[in-house]
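Please read the structure below before turning to the comments.
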Amino acid sequence: MSTRSLSKGCFVFKPSPKRRKVSRTTADYFREGNSDLEDSELRFATCQSLQKQVKSETEQIEEELNEQLFDNLVSFLRRSHSAFQEKTTEWTWRTKSREIPTAALVLGVNVTDHDFTFRSLSEVLQNNVTPYIALLEAKDCPGIKNLMQKLLGQLMNCCIDVGSSEEEDYEQVSHTRVRCSMTSLINWYESATKRTDSETPGKKRTSSRHWQSPPVVVIFKDMESFTTKVLQDFVVISSQHIGEFPLVLIFGIATSPMIIHSLLPHSVSSLLCIELFQSLSCKDHLSTIIDKVLLTTQFPLKLSEKVLQVLINIFLYHDFSVQNFIKGFQLCIVEHFHSNPLSILCCQLEEAKRRVNSLSHNQCENVRRLPSFRRYVESQVSEKQIALLTADSSLKEAVRKLLEDLNVYHENYFPILRCLHVFTSSLPKYPLGKQIRELHCACLENRVWETEEYESSLQLARMLNKSDLVTMLQKCVEILVSSPGREFDEIVERLKEFLTQFQKLEETYQERDESVSPQKELQKKTNLYNLQKTLLELKESRRSKKLTKFEMLRFEVVDYIDSLVRRYLVPADHKTLHEIVYFNTASVLREHLNAAPRIALHTALNNPYSYLKESSPVIYFAKCEPEVRFILRRSTHKIKCHSVFIDPLKIQQVVTWSISSSLLRIVSGQENVIFG
């Protein structure tokens, strides 16, 4: 449309109809950047299925681990609630009526896991105890006014007029306004419980899981972050009304229960009836996750030693977060299925055998390129080698057999690993580690029986007493009986024979010969020559001391365990086709999870567009003095930036730019630095 006209006016341009932007699915992002698109949809479906299985299993494990803790909290609430319902006019009730039932929940320093724990706790309480639950965070409650607004807003499930003054703090419920105060909370609670009591019988049956006159539970998720004045004011105000409605406080503590007395003076803490609850240690939590998720044959994907070590190091030296460890494992699943074309075979054995039959020629070539398969081909005779390298049918048959062997290897590996851990976890100084994850990493890294730590463990095991050996053998029998391995019947029978022999041993630890000992010979009268001869025999007998039956049996048990280790605990990278089921790209995982500031700064200085991800004008600056001058080639603006301040209105070509103040200080000391 032309805008030329003799008269001035306002011209309207109707936008041209544009195509509706098609939203991209997760599968589209999965295929993006994937060099091998063959069977990408099937790989994505397998990846999603495995992700769901891992998520379901980990959630179930966490529920089992927190079950005892949540049961104790529910019992505490029941006791507190019964005291409120059975209140009398006795002197004991009048003296205790101002005490607020308080649960001090110590969760540990893994703060990132606390949200999940409180969500689970809130669901348990809402399903079994009370619908009136409020979760408060310190960042939302800088003052008592904000705390009351947040509390009433969550309980009444409505919007609060935050901009009003303290005298005019109202809440909008059914177009009416209510003051945000403790009196308003009490009035609301009374009306809410009356509505529940006057409901129809059908509706009452739906809420029968809740208690009669259910308590109001206020959870302080991060007690250490709350200011002292806010906590003091809330406790004092609540204690004055505790006889009018049932209130229970739950303090989420990351450090120590003593923080309660540090934040609250005695005059305020005496208003709380505190009971301490301790959650499971995050290290024990991690050990359970590794034991039930990674050290089983339930999931086909396995982690190599370096990858597992990266995840464990991030847990131990960064955040102690079990949730982040699980997310790291899920990231390994995505990376493995995205980068490995043969991950299509990373599934249950029967399904993998079916998928082998439908492998294309390109996928067969991918199998032939695997280093472990090359070693396997080199170990075969010449005719077999030619068939494996030229005929796809022979290759598929061999792959099915090798996948079966790999599955049998895992079925035997994990039970024997647990048996070895039974013997090594109680040794002095723990040569092979106290946790089974340390022993697992040692077995994956190299032949464990060739290490010095293993030799020292065997020497210490040969000095165990009878009761410890019997206990260890009984645990090994229990492990092997409950395992799915096909070759353990003979091993179990052998271990039971050892137990029977130990039971038959006498309590004495030395066996005396029926012949006369040299000590008795010394008691007889003899000449100097015979005395000297007897002393020499005695000295020689002490040097070559004869082993007792117990010592011989103990050596036999340790040697048998050693033979099992050498037979079944072969490193995974020695098995053919281990690349299909093992994720071993630790560098990629470290790049995503473990930040390396020096590498990031170097990349940002040399090629900033690797982070900007779009074609932007070249950014450069000349000699820098106190500030950094960014000059846009397509713009005449010169932007001065100091203390990480960049005017977003002037930088129109750059979408994102993150640079730390320390980097600016470092760069400002350089004379000529070029970006781009």
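Convention: chains lettered A, B, ... in structure tokens order; per-chain residue numbering from 1; ligands numbered from 1 as shown.
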What lies within 7 Å of stretch 479-486 of chain A using only C-alpha atoms, ignoring chain neighbours under 4 positions off, as an MDAnalysis selection string? chainID A and resid 411:412 415 475 492
Go ahead and save the residues from that selection, with N, CA and C atoms, as a short mmCIF file (atom, residue, chain, number, x, y, z; two decimals), in the first residue's frame.
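Result saved to out-v8.cif:
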```cif
data_model
loop_
_atom_site.label_atom_id
_atom_site.label_comp_id
_atom_site.auth_asym_id
_atom_site.auth_seq_id
_atom_site.Cartn_x
_atom_site.Cartn_y
_atom_site.Cartn_z
N GLU A 411 23.48 -60.40 36.25
CA GLU A 411 22.78 -61.19 37.26
C GLU A 411 23.73 -61.82 38.26
N ASN A 412 24.93 -62.15 37.83
CA ASN A 412 25.92 -62.74 38.73
C ASN A 412 26.77 -61.69 39.43
N PRO A 415 25.06 -59.83 43.00
CA PRO A 415 25.05 -60.63 44.24
C PRO A 415 26.46 -60.91 44.78
N LYS A 475 25.02 -64.31 55.93
CA LYS A 475 24.53 -63.19 55.11
C LYS A 475 24.72 -63.47 53.63
N VAL A 492 25.83 -71.82 46.94
CA VAL A 492 25.09 -71.85 48.20
C VAL A 492 25.37 -73.15 48.95
#
```
Check the DSSP output for the backbone and give back, as a ChimeraX atom specification, the residues of stretch 211-422 of chain A in alpha helix (DSSP H). /A:228-239,259-263,266-269,282-289,305-314,322-339,349-357,361-368,371-378,382-390,392-422
Contacts of A:Ile314 at 10 Å (only C-alpha atoms; same-chain gap of 6+ positions) as a ChimeraX atom specification: /A:320-321,324-325,328,590,593-594
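Note that the spacing between atom CA of A:Ser393 and atom CA of A:His361 amounts to 10.1 Å.
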Contacts of stretch 339-346 of chain A at 9 Å (only C-alpha atoms; same-chain gap of 3+ positions) as a ChimeraX atom specification: /A:34-40,42-44,46,300-301,334-336,349,351-353,355-356,363,366-367,403,579-582
Can you write just those residues out, C-alpha atoms, as a tab-separated table (two decimals), in the first residue's frame?
```tsv
chain	number	residue	atom	x	y	z
A	34	ASN	CA	21.20	-35.98	16.41
A	35	SER	CA	23.45	-37.16	13.60
A	36	ASP	CA	21.79	-40.56	13.37
A	37	LEU	CA	18.04	-40.09	12.96
A	38	GLU	CA	17.34	-43.76	12.29
A	39	ASP	CA	14.96	-45.18	14.88
A	40	SER	CA	15.12	-41.92	16.83
A	42	LEU	CA	11.86	-45.65	19.12
A	43	ARG	CA	14.91	-44.53	21.09
A	44	PHE	CA	12.96	-41.57	22.42
A	46	THR	CA	12.47	-46.21	25.18
A	300	PRO	CA	18.99	-51.91	31.66
A	301	LEU	CA	21.08	-48.73	31.69
A	334	VAL	CA	18.77	-38.86	28.10
A	335	GLU	CA	22.39	-38.37	26.99
A	336	HIS	CA	22.89	-42.09	26.42
A	349	LEU	CA	16.56	-58.83	27.24
A	351	GLU	CA	12.69	-56.94	23.85
A	352	ALA	CA	16.33	-56.42	22.86
A	353	LYS	CA	16.40	-59.79	21.09
A	355	ARG	CA	14.89	-55.49	18.13
A	356	VAL	CA	18.09	-57.19	16.97
A	363	GLN	CA	23.11	-50.22	12.59
A	366	ASN	CA	27.66	-49.39	14.07
A	367	VAL	CA	27.92	-52.65	16.00
A	403	LEU	CA	23.45	-59.63	24.92
A	579	GLU	CA	28.88	-49.80	25.20
A	580	ILE	CA	25.20	-50.48	24.50
A	581	VAL	CA	24.10	-50.49	28.14
A	582	TYR	CA	26.84	-48.45	29.85
```
Please report, as a Markdown table, each residue of stretch 371-448 of chain A lying at most 10 Å from stretch 286-291 of chain A, together with the nearest pair of atoms and the separation in Å rounded to one decimal; use only C-alpha atoms, and order rows by chain and ascending residue number.
```
| residue | atom | partner | partner_atom | distance |
| --- | --- | --- | --- | --- |
| A:Phe414 | CA | A:Asp291 | CA | 9.8 |
| A:Arg418 | CA | A:Asp291 | CA | 9.7 |
| A:Gln435 | CA | A:Ser287 | CA | 7.7 |
| A:Ile436 | CA | A:Asp291 | CA | 8.0 |
| A:Arg437 | CA | A:Ile290 | CA | 7.4 |
```
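Here atom CA of A:Phe329 is placed at a distance of 22.9 Å from atom CA of A:Phe118.
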Selection: 12 Å around A:Asn110, only C-alpha atoms, excl. self and same-chain fewer than 3 positions, as a ChimeraX atom specification: /A:106-107,113-117,222,252-255,279-283,285-286,315-325
With N, CA and C atoms kept, could you save the residues just selected as a PDB file, in the first residue's frame?
```
ATOM      1  N   VAL A 106      14.347 -31.935  62.040  1.00  0.00           N
ATOM      2  CA  VAL A 106      15.727 -31.765  61.582  1.00  0.00           C
ATOM      3  C   VAL A 106      15.912 -32.572  60.300  1.00  0.00           C
ATOM      4  N   LEU A 107      16.147 -31.868  59.193  1.00  0.00           N
ATOM      5  CA  LEU A 107      16.233 -32.518  57.884  1.00  0.00           C
ATOM      6  C   LEU A 107      17.645 -32.591  57.338  1.00  0.00           C
ATOM      7  N   ASP A 113      16.640 -30.704  48.955  1.00  0.00           N
ATOM      8  CA  ASP A 113      15.702 -31.821  49.086  1.00  0.00           C
ATOM      9  C   ASP A 113      14.536 -31.509  50.021  1.00  0.00           C
ATOM     10  N   HIS A 114      14.614 -30.390  50.731  1.00  0.00           N
ATOM     11  CA  HIS A 114      13.587 -30.099  51.724  1.00  0.00           C
ATOM     12  C   HIS A 114      12.233 -29.846  51.085  1.00  0.00           C
ATOM     13  N   ASP A 115      12.212 -29.212  49.913  1.00  0.00           N
ATOM     14  CA  ASP A 115      10.935 -28.937  49.246  1.00  0.00           C
ATOM     15  C   ASP A 115      10.175 -30.223  48.971  1.00  0.00           C
ATOM     16  N   PHE A 116      10.891 -31.227  48.473  1.00  0.00           N
ATOM     17  CA  PHE A 116      10.239 -32.507  48.193  1.00  0.00           C
ATOM     18  C   PHE A 116       9.722 -33.145  49.483  1.00  0.00           C
ATOM     19  N   THR A 117      10.495 -33.069  50.557  1.00  0.00           N
ATOM     20  CA  THR A 117      10.074 -33.657  51.830  1.00  0.00           C
ATOM     21  C   THR A 117       8.828 -32.961  52.364  1.00  0.00           C
ATOM     22  N   ASP A 222      12.039 -23.087  56.299  1.00  0.00           N
ATOM     23  CA  ASP A 222      13.446 -22.752  56.558  1.00  0.00           C
ATOM     24  C   ASP A 222      13.517 -21.847  57.779  1.00  0.00           C
ATOM     25  N   GLY A 252      11.075 -26.499  60.156  1.00  0.00           N
ATOM     26  CA  GLY A 252      12.046 -27.196  59.328  1.00  0.00           C
ATOM     27  C   GLY A 252      13.441 -26.682  59.628  1.00  0.00           C
ATOM     28  N   ILE A 253      14.301 -27.553  60.140  1.00  0.00           N
ATOM     29  CA  ILE A 253      15.640 -27.150  60.603  1.00  0.00           C
ATOM     30  C   ILE A 253      16.686 -27.881  59.777  1.00  0.00           C
ATOM     31  N   ALA A 254      17.668 -27.126  59.290  1.00  0.00           N
ATOM     32  CA  ALA A 254      18.738 -27.718  58.485  1.00  0.00           C
ATOM     33  C   ALA A 254      19.998 -27.977  59.299  1.00  0.00           C
ATOM     34  N   THR A 255      20.208 -27.254  60.380  1.00  0.00           N
ATOM     35  CA  THR A 255      21.469 -27.346  61.120  1.00  0.00           C
ATOM     36  C   THR A 255      21.320 -28.148  62.408  1.00  0.00           C
ATOM     37  N   SER A 279      15.135 -36.762  60.572  1.00  0.00           N
ATOM     38  CA  SER A 279      14.964 -37.493  59.316  1.00  0.00           C
ATOM     39  C   SER A 279      16.179 -38.365  59.045  1.00  0.00           C
ATOM     40  N   LEU A 280      16.051 -39.230  58.060  1.00  0.00           N
ATOM     41  CA  LEU A 280      17.154 -40.111  57.688  1.00  0.00           C
ATOM     42  C   LEU A 280      18.299 -39.298  57.112  1.00  0.00           C
ATOM     43  N   SER A 281      19.527 -39.704  57.415  1.00  0.00           N
ATOM     44  CA  SER A 281      20.700 -39.005  56.893  1.00  0.00           C
ATOM     45  C   SER A 281      20.716 -39.046  55.374  1.00  0.00           C
ATOM     46  N   CYS A 282      21.156 -37.947  54.764  1.00  0.00           N
ATOM     47  CA  CYS A 282      21.184 -37.889  53.300  1.00  0.00           C
ATOM     48  C   CYS A 282      22.163 -38.911  52.724  1.00  0.00           C
ATOM     49  N   LYS A 283      23.225 -39.238  53.454  1.00  0.00           N
ATOM     50  CA  LYS A 283      24.158 -40.267  52.976  1.00  0.00           C
ATOM     51  C   LYS A 283      23.502 -41.648  52.985  1.00  0.00           C
ATOM     52  N   HIS A 285      20.341 -42.097  52.749  1.00  0.00           N
ATOM     53  CA  HIS A 285      19.334 -41.998  51.687  1.00  0.00           C
ATOM     54  C   HIS A 285      19.967 -42.303  50.333  1.00  0.00           C
ATOM     55  N   LEU A 286      21.138 -41.708  50.081  1.00  0.00           N
ATOM     56  CA  LEU A 286      21.835 -41.952  48.811  1.00  0.00           C
ATOM     57  C   LEU A 286      22.242 -43.416  48.679  1.00  0.00           C
ATOM     58  N   PHE A 315      27.571 -34.887  44.837  1.00  0.00           N
ATOM     59  CA  PHE A 315      26.762 -35.059  46.046  1.00  0.00           C
ATOM     60  C   PHE A 315      27.588 -34.772  47.305  1.00  0.00           C
ATOM     61  N   LEU A 316      28.790 -35.314  47.385  1.00  0.00           N
ATOM     62  CA  LEU A 316      29.578 -35.223  48.610  1.00  0.00           C
ATOM     63  C   LEU A 316      30.222 -33.860  48.802  1.00  0.00           C
ATOM     64  N   TYR A 317      30.598 -33.189  47.713  1.00  0.00           N
ATOM     65  CA  TYR A 317      31.374 -31.958  47.835  1.00  0.00           C
ATOM     66  C   TYR A 317      30.608 -30.705  47.434  1.00  0.00           C
ATOM     67  N   HIS A 318      29.328 -30.833  47.032  1.00  0.00           N
ATOM     68  CA  HIS A 318      28.596 -29.650  46.589  1.00  0.00           C
ATOM     69  C   HIS A 318      27.301 -29.434  47.358  1.00  0.00           C
ATOM     70  N   ASP A 319      26.355 -30.372  47.287  1.00  0.00           N
ATOM     71  CA  ASP A 319      25.014 -30.044  47.772  1.00  0.00           C
ATOM     72  C   ASP A 319      24.382 -31.098  48.682  1.00  0.00           C
ATOM     73  N   PHE A 320      24.912 -32.308  48.764  1.00  0.00           N
ATOM     74  CA  PHE A 320      24.302 -33.392  49.545  1.00  0.00           C
ATOM     75  C   PHE A 320      22.858 -33.647  49.123  1.00  0.00           C
ATOM     76  N   SER A 321      22.527 -33.364  47.885  1.00  0.00           N
ATOM     77  CA  SER A 321      21.145 -33.457  47.427  1.00  0.00           C
ATOM     78  C   SER A 321      20.908 -34.789  46.733  1.00  0.00           C
ATOM     79  N   VAL A 322      20.007 -35.587  47.288  1.00  0.00           N
ATOM     80  CA  VAL A 322      19.637 -36.852  46.664  1.00  0.00           C
ATOM     81  C   VAL A 322      18.814 -36.595  45.403  1.00  0.00           C
ATOM     82  N   GLN A 323      17.972 -35.547  45.448  1.00  0.00           N
ATOM     83  CA  GLN A 323      17.164 -35.218  44.274  1.00  0.00           C
ATOM     84  C   GLN A 323      18.043 -34.839  43.091  1.00  0.00           C
ATOM     85  N   ASN A 324      19.100 -34.084  43.333  1.00  0.00           N
ATOM     86  CA  ASN A 324      20.017 -33.729  42.250  1.00  0.00           C
ATOM     87  C   ASN A 324      20.767 -34.951  41.738  1.00  0.00           C
ATOM     88  N   PHE A 325      21.069 -35.893  42.621  1.00  0.00           N
ATOM     89  CA  PHE A 325      21.705 -37.134  42.174  1.00  0.00           C
ATOM     90  C   PHE A 325      20.774 -37.900  41.240  1.00  0.00           C
TER      91      PHE A 325
END
```
